[in-house]
Amino acid sequence: MESTKVISGVGLPRLIVVKNTIYTSAGATTYTSSSVSEAGSPSLSALRVGHRITSYVVIGGDKPNKPVFGKITAIDEANDVITVDSWIGGTPTNGQTFIVDGFVVDLPRCQEMTEIFTPDQLVHKLRRSRKETKFYGFDYQCILDYSAYATGDMFYDLLPALNLKQDDRLILIPRRDAPRFQYNVFFAESISLSLYGKTPGYRKPVFVFQTKENVATWRMVKLGYGTHHGTDYGSTGW
């Protein structure tokens, strides 16, 4: 009987835009699985729905604290409470500082998602057609095909990713139900837009994302962004 249906999740694509810090908590913090509140009288006017909020889970012992993040879905300035969709990596520990440092962009399901793993290897041809190789990992590319139809709302949501500053970083989570599979990426090809007849919507857009560094292997089990290449977050236990 078949035991493994898919190897890396089935959810919708998610992009993370990492920017310079927009806000840092100063008062005592209290966390739940879907919110954070800050003591005192903080000014939350700079925060927006869709911002990324990052904090830490205290592990204890000689282990470092574990960075976690969530997507802001509501802001209650009267009660100093921020609502998040969920904490990726676990609920932060009370008292830990949080920062807001970018955006989380959730995309609709595309017509087709194609992931391409190209082996990066040095090949030396030897005598009598023998070859010696040095393997440096896989160059990863992900293609999100929205060419059949894309809404204006999708492009509005994508604005933070399409309006990157020089020092911003872009991270792709191909399937948001498997957040440990994350890649540092950039837009690798041009994006075409064609207004779809007399009705709202567009045709032809295809987003091609390329990694900035090789990946060690295909992402299947307990291998995620942060395991090999990242320092901001990432855990084999997610």
# chains A, B, ... in the order shown; residues from 1 in each chain; ligands from 1
$ select_by_dssp --residues "stretch 63-202 of chain A" --states "alpha helix (DSSP H)" --output "count of residues only"
10
$ closest_atom_pairs --of "stretch 138-205 of chain A" --to "stretch 104-109 of chain A" --cutoff "10 Å" --atoms "only C-alpha atoms" --output "CSV"
residue,atom,partner,partner_atom,distance
A:Leu144,CA,A:Arg109,CA,9.0
A:Asp145,CA,A:Arg109,CA,9.3
A:Tyr146,CA,A:Arg109,CA,8.6
A:Ala150,CA,A:Pro108,CA,9.1
A:Thr151,CA,A:Pro108,CA,9.7
A:Met154,CA,A:Leu107,CA,6.8
A:Phe155,CA,A:Leu107,CA,9.3
A:Asp157,CA,A:Val105,CA,6.4
A:Leu158,CA,A:Val105,CA,6.4
A:Leu159,CA,A:Val105,CA,8.9
A:Pro160,CA,A:Val105,CA,7.9
A:Ala161,CA,A:Val105,CA,7.8
A:Ile171,CA,A:Val104,CA,9.6
A:Leu172,CA,A:Val105,CA,9.7
A:Ile173,CA,A:Asp106,CA,9.6
A:Pro174,CA,A:Leu107,CA,9.9
A:Arg175,CA,A:Arg109,CA,9.8
A:Arg176,CA,A:Asp106,CA,8.4
$ write_last_selection --atoms "N, CA and C atoms" --output "PDB file, in the first residue's frame"
ATOM      1  N   LEU A 144       5.719  29.475 -10.946  1.00  0.00           N
ATOM      2  CA  LEU A 144       4.308  29.578 -10.589  1.00  0.00           C
ATOM      3  C   LEU A 144       3.558  30.117 -11.804  1.00  0.00           C
ATOM      4  N   ASP A 145       2.722  29.285 -12.369  1.00  0.00           N
ATOM      5  CA  ASP A 145       2.060  29.602 -13.634  1.00  0.00           C
ATOM      6  C   ASP A 145       0.638  30.105 -13.367  1.00  0.00           C
ATOM      7  N   TYR A 146       0.437  31.410 -13.578  1.00  0.00           N
ATOM      8  CA  TYR A 146      -0.896  32.018 -13.488  1.00  0.00           C
ATOM      9  C   TYR A 146      -1.342  32.512 -14.866  1.00  0.00           C
ATOM     10  N   ALA A 150      -5.319  35.589 -13.772  1.00  0.00           N
ATOM     11  CA  ALA A 150      -4.828  36.178 -12.526  1.00  0.00           C
ATOM     12  C   ALA A 150      -5.643  37.423 -12.221  1.00  0.00           C
ATOM     13  N   THR A 151      -6.023  37.603 -10.980  1.00  0.00           N
ATOM     14  CA  THR A 151      -6.856  38.736 -10.591  1.00  0.00           C
ATOM     15  C   THR A 151      -6.012  39.953 -10.248  1.00  0.00           C
ATOM     16  N   MET A 154      -4.656  39.789  -6.681  1.00  0.00           N
ATOM     17  CA  MET A 154      -3.416  39.058  -6.477  1.00  0.00           C
ATOM     18  C   MET A 154      -2.211  39.976  -6.662  1.00  0.00           C
ATOM     19  N   PHE A 155      -2.251  40.813  -7.686  1.00  0.00           N
ATOM     20  CA  PHE A 155      -1.131  41.718  -7.918  1.00  0.00           C
ATOM     21  C   PHE A 155      -1.041  42.784  -6.829  1.00  0.00           C
ATOM     22  N   ASP A 157      -1.840  42.281  -3.690  1.00  0.00           N
ATOM     23  CA  ASP A 157      -1.215  41.587  -2.568  1.00  0.00           C
ATOM     24  C   ASP A 157       0.278  41.384  -2.802  1.00  0.00           C
ATOM     25  N   LEU A 158       0.668  41.216  -4.062  1.00  0.00           N
ATOM     26  CA  LEU A 158       2.065  40.975  -4.413  1.00  0.00           C
ATOM     27  C   LEU A 158       2.933  42.230  -4.375  1.00  0.00           C
ATOM     28  N   LEU A 159       2.325  43.386  -4.185  1.00  0.00           N
ATOM     29  CA  LEU A 159       3.059  44.642  -4.297  1.00  0.00           C
ATOM     30  C   LEU A 159       4.345  44.682  -3.475  1.00  0.00           C
ATOM     31  N   PRO A 160       4.368  44.226  -2.196  1.00  0.00           N
ATOM     32  CA  PRO A 160       5.636  44.259  -1.457  1.00  0.00           C
ATOM     33  C   PRO A 160       6.746  43.456  -2.125  1.00  0.00           C
ATOM     34  N   ALA A 161       6.394  42.344  -2.766  1.00  0.00           N
ATOM     35  CA  ALA A 161       7.403  41.515  -3.434  1.00  0.00           C
ATOM     36  C   ALA A 161       7.830  42.104  -4.770  1.00  0.00           C
ATOM     37  N   ILE A 171      11.908  35.479   0.164  1.00  0.00           N
ATOM     38  CA  ILE A 171      11.937  34.067   0.526  1.00  0.00           C
ATOM     39  C   ILE A 171      10.671  33.409  -0.005  1.00  0.00           C
ATOM     40  N   LEU A 172      10.835  32.293  -0.676  1.00  0.00           N
ATOM     41  CA  LEU A 172       9.704  31.550  -1.228  1.00  0.00           C
ATOM     42  C   LEU A 172       9.430  30.313  -0.386  1.00  0.00           C
ATOM     43  N   ILE A 173       8.170  30.150   0.032  1.00  0.00           N
ATOM     44  CA  ILE A 173       7.679  28.909   0.616  1.00  0.00           C
ATOM     45  C   ILE A 173       6.718  28.327  -0.419  1.00  0.00           C
ATOM     46  N   PRO A 174       7.121  27.338  -1.188  1.00  0.00           N
ATOM     47  CA  PRO A 174       6.261  26.842  -2.269  1.00  0.00           C
ATOM     48  C   PRO A 174       4.893  26.369  -1.790  1.00  0.00           C
ATOM     49  N   ARG A 175       4.854  25.767  -0.574  1.00  0.00           N
ATOM     50  CA  ARG A 175       3.580  25.275  -0.035  1.00  0.00           C
ATOM     51  C   ARG A 175       3.522  25.645   1.438  1.00  0.00           C
ATOM     52  N   ARG A 176       2.571  26.489   1.784  1.00  0.00           N
ATOM     53  CA  ARG A 176       2.574  27.063   3.130  1.00  0.00           C
ATOM     54  C   ARG A 176       2.258  26.043   4.218  1.00  0.00           C
TER      55      ARG A 176
END
$ select_by_dssp --residues "stretch 58-168 of chain A" --states "strand (DSSP E)" --output "ChimeraX atom specification"
/A:66-76,81-84,99-106,112-125,131-145
$ write_last_selection --atoms "N, CA and C atoms" --output "compact mmCIF listing (two decimals), in the first residue's frame"
# COMPACT_ATOMS: atom_id res chain seq x y z
N LYS A 66 14.77 29.87 19.69
CA LYS A 66 14.32 29.51 18.34
C LYS A 66 13.49 30.64 17.74
N PRO A 67 13.93 31.24 16.63
CA PRO A 67 13.14 32.29 15.99
C PRO A 67 11.87 31.72 15.36
N VAL A 68 10.76 32.43 15.53
CA VAL A 68 9.49 32.05 14.92
C VAL A 68 8.84 33.31 14.35
N PHE A 69 7.87 33.12 13.46
CA PHE A 69 7.23 34.29 12.87
C PHE A 69 5.78 34.00 12.56
N GLY A 70 5.01 35.08 12.32
CA GLY A 70 3.62 34.96 11.93
C GLY A 70 3.23 36.11 11.02
N LYS A 71 2.03 36.02 10.46
CA LYS A 71 1.49 37.07 9.59
C LYS A 71 0.42 37.83 10.36
N ILE A 72 0.56 39.15 10.43
CA ILE A 72 -0.41 39.98 11.13
C ILE A 72 -1.72 40.02 10.35
N THR A 73 -2.82 39.70 11.03
CA THR A 73 -4.13 39.70 10.38
C THR A 73 -5.07 40.78 10.93
N ALA A 74 -4.75 41.34 12.11
CA ALA A 74 -5.57 42.40 12.69
C ALA A 74 -4.73 43.14 13.73
N ILE A 75 -5.06 44.44 13.93
CA ILE A 75 -4.35 45.28 14.89
C ILE A 75 -5.37 46.03 15.72
N ASP A 76 -5.36 45.81 17.03
CA ASP A 76 -6.28 46.47 17.96
C ASP A 76 -5.46 47.49 18.75
N VAL A 81 -3.22 44.96 21.08
CA VAL A 81 -3.19 43.53 20.75
C VAL A 81 -3.02 43.37 19.24
N ILE A 82 -2.10 42.50 18.86
CA ILE A 82 -1.86 42.17 17.46
C ILE A 82 -2.29 40.72 17.24
N THR A 83 -3.13 40.49 16.24
CA THR A 83 -3.58 39.14 15.91
C THR A 83 -2.74 38.60 14.76
N VAL A 84 -2.34 37.33 14.86
CA VAL A 84 -1.57 36.68 13.79
C VAL A 84 -2.33 35.45 13.32
N ILE A 99 9.77 41.79 16.80
CA ILE A 99 10.00 42.83 15.80
C ILE A 99 9.06 42.61 14.62
N VAL A 100 8.77 43.68 13.92
CA VAL A 100 8.03 43.61 12.65
C VAL A 100 9.02 44.03 11.57
N ASP A 101 9.25 43.13 10.62
CA ASP A 101 10.38 43.34 9.71
C ASP A 101 10.09 42.92 8.27
N GLY A 102 8.88 43.11 7.82
CA GLY A 102 8.59 42.77 6.43
C GLY A 102 7.15 42.40 6.21
N PHE A 103 6.91 41.65 5.14
CA PHE A 103 5.56 41.27 4.74
C PHE A 103 5.48 39.77 4.48
N VAL A 104 4.29 39.22 4.67
CA VAL A 104 3.99 37.83 4.27
C VAL A 104 2.91 37.91 3.20
N VAL A 105 3.19 37.38 2.02
CA VAL A 105 2.28 37.45 0.88
C VAL A 105 1.80 36.04 0.56
N ASP A 106 0.51 35.81 0.71
CA ASP A 106 -0.09 34.51 0.39
C ASP A 106 -0.74 34.58 -0.99
N GLU A 112 -0.31 25.73 -12.41
CA GLU A 112 0.70 24.68 -12.31
C GLU A 112 1.92 25.24 -11.59
N MET A 113 2.45 24.47 -10.65
CA MET A 113 3.70 24.80 -9.98
C MET A 113 4.74 23.77 -10.42
N THR A 114 5.85 24.27 -10.97
CA THR A 114 6.92 23.39 -11.42
C THR A 114 8.19 23.70 -10.65
N GLU A 115 8.77 22.69 -10.02
CA GLU A 115 10.03 22.84 -9.31
C GLU A 115 11.12 22.11 -10.08
N ILE A 116 12.22 22.81 -10.34
CA ILE A 116 13.31 22.27 -11.15
C ILE A 116 14.58 22.22 -10.31
N PHE A 117 15.17 21.05 -10.20
CA PHE A 117 16.42 20.86 -9.47
C PHE A 117 17.51 20.50 -10.48
N THR A 118 18.40 21.45 -10.74
CA THR A 118 19.46 21.23 -11.72
C THR A 118 20.77 20.94 -11.00
N PRO A 119 21.37 19.77 -11.22
CA PRO A 119 22.61 19.47 -10.52
C PRO A 119 23.74 20.41 -10.93
N ASP A 120 24.43 20.94 -9.93
CA ASP A 120 25.58 21.82 -10.16
C ASP A 120 26.83 20.99 -9.87
N GLN A 121 27.56 20.65 -10.92
CA GLN A 121 28.72 19.79 -10.73
C GLN A 121 29.80 20.10 -11.75
N LEU A 122 31.02 19.94 -11.30
CA LEU A 122 32.18 20.11 -12.16
C LEU A 122 32.54 18.76 -12.74
N VAL A 123 32.62 18.69 -14.08
CA VAL A 123 32.88 17.42 -14.77
C VAL A 123 34.22 17.51 -15.50
N HIS A 124 35.11 16.60 -15.18
CA HIS A 124 36.39 16.48 -15.88
C HIS A 124 36.37 15.22 -16.75
N LYS A 125 36.60 15.42 -18.04
CA LYS A 125 36.66 14.28 -18.96
C LYS A 125 38.06 13.70 -18.93
N LYS A 131 34.92 9.90 -16.59
CA LYS A 131 34.64 11.22 -16.06
C LYS A 131 34.82 11.24 -14.55
N GLU A 132 35.37 12.33 -14.07
CA GLU A 132 35.43 12.61 -12.63
C GLU A 132 34.55 13.82 -12.36
N THR A 133 33.78 13.77 -11.27
CA THR A 133 32.86 14.87 -10.98
C THR A 133 33.01 15.36 -9.55
N LYS A 134 32.72 16.63 -9.35
CA LYS A 134 32.57 17.21 -8.02
C LYS A 134 31.18 17.82 -7.95
N PHE A 135 30.39 17.35 -7.00
CA PHE A 135 28.98 17.76 -6.90
C PHE A 135 28.84 18.88 -5.87
N TYR A 136 28.17 19.97 -6.27
CA TYR A 136 28.02 21.13 -5.40
C TYR A 136 26.57 21.39 -4.99
N GLY A 137 25.70 20.43 -5.18
CA GLY A 137 24.30 20.60 -4.82
C GLY A 137 23.43 20.84 -6.04
N PHE A 138 22.17 21.25 -5.76
CA PHE A 138 21.21 21.50 -6.82
C PHE A 138 20.88 22.99 -6.90
N ASP A 139 20.83 23.49 -8.11
CA ASP A 139 20.31 24.83 -8.35
C ASP A 139 18.79 24.69 -8.46
N TYR A 140 18.06 25.41 -7.61
CA TYR A 140 16.60 25.24 -7.50
C TYR A 140 15.88 26.38 -8.22
N GLN A 141 14.85 26.02 -8.95
CA GLN A 141 13.99 26.99 -9.62
C GLN A 141 12.54 26.58 -9.43
N CYS A 142 11.69 27.57 -9.15
CA CYS A 142 10.26 27.30 -8.97
C CYS A 142 9.47 28.22 -9.90
N ILE A 143 8.57 27.62 -10.68
CA ILE A 143 7.76 28.36 -11.64
C ILE A 143 6.31 28.31 -11.20
N LEU A 144 5.72 29.48 -10.95
CA LEU A 144 4.31 29.58 -10.59
C LEU A 144 3.56 30.12 -11.80
N ASP A 145 2.72 29.28 -12.37
CA ASP A 145 2.06 29.60 -13.63
C ASP A 145 0.64 30.11 -13.37
$ residues_around --residues "stretch 185-189 of chain A" --least-positions-apart "3" --cutoff "7 Å" --atoms "only C-alpha atoms" --output "PyMOL selection string"
chain A and resi 170-172+208-212
$ write_last_selection --atoms "N, CA and C atoms" --output "compact mmCIF listing (two decimals), in the first residue's frame"
# COMPACT_ATOMS: atom_id res chain seq x y z
N LEU A 170 13.93 38.22 -0.45
CA LEU A 170 12.70 37.54 -0.84
C LEU A 170 12.87 36.05 -0.56
N ILE A 171 11.91 35.48 0.16
CA ILE A 171 11.94 34.07 0.53
C ILE A 171 10.67 33.41 0.00
N LEU A 172 10.83 32.29 -0.68
CA LEU A 172 9.70 31.55 -1.23
C LEU A 172 9.43 30.31 -0.39
N VAL A 208 8.88 33.23 -12.21
CA VAL A 208 10.00 32.29 -12.16
C VAL A 208 10.95 32.74 -11.06
N PHE A 209 11.10 31.90 -10.03
CA PHE A 209 11.97 32.20 -8.90
C PHE A 209 13.20 31.32 -8.95
N GLN A 210 14.36 31.93 -8.73
CA GLN A 210 15.63 31.22 -8.73
C GLN A 210 16.29 31.38 -7.36
N THR A 211 16.91 30.30 -6.85
CA THR A 211 17.59 30.41 -5.57
C THR A 211 18.91 31.17 -5.71
N LYS A 212 19.30 31.81 -4.59
CA LYS A 212 20.57 32.53 -4.55
C LYS A 212 21.73 31.62 -4.19
$ atom_distance --atom1 "atom CA of A:Glu213" --atom2 "atom CA of A:Asn184"
7.5 Å
$ residues_around --residues "A:Thr30" --least-positions-apart "5" --cutoff "8 Å" --atoms "only C-alpha atoms" --output "PyMOL selection string"
chain A and resi 36-38+93-95
$ write_last_selection --atoms "N, CA and C atoms" --output "compact mmCIF listing (two decimals), in the first residue's frame"
# COMPACT_ATOMS: atom_id res chain seq x y z
N VAL A 36 -0.43 38.59 20.14
CA VAL A 36 0.58 39.11 21.05
C VAL A 36 0.07 40.44 21.58
N SER A 37 0.27 40.67 22.86
CA SER A 37 -0.08 41.95 23.47
C SER A 37 1.16 42.53 24.13
N GLU A 38 1.23 43.86 24.17
CA GLU A 38 2.38 44.55 24.72
C GLU A 38 1.94 45.49 25.82
N THR A 93 7.71 32.62 23.60
CA THR A 93 7.72 32.62 25.06
C THR A 93 7.41 34.01 25.58
N ASN A 94 6.51 34.10 26.57
CA ASN A 94 6.17 35.39 27.15
C ASN A 94 7.42 36.14 27.60
N GLY A 95 7.41 37.45 27.37
CA GLY A 95 8.54 38.27 27.75
C GLY A 95 9.56 38.48 26.66
$ atom_distance --atom1 "atom CA of A:Gly40" --atom2 "atom CA of A:Gly27"
5.9 Å
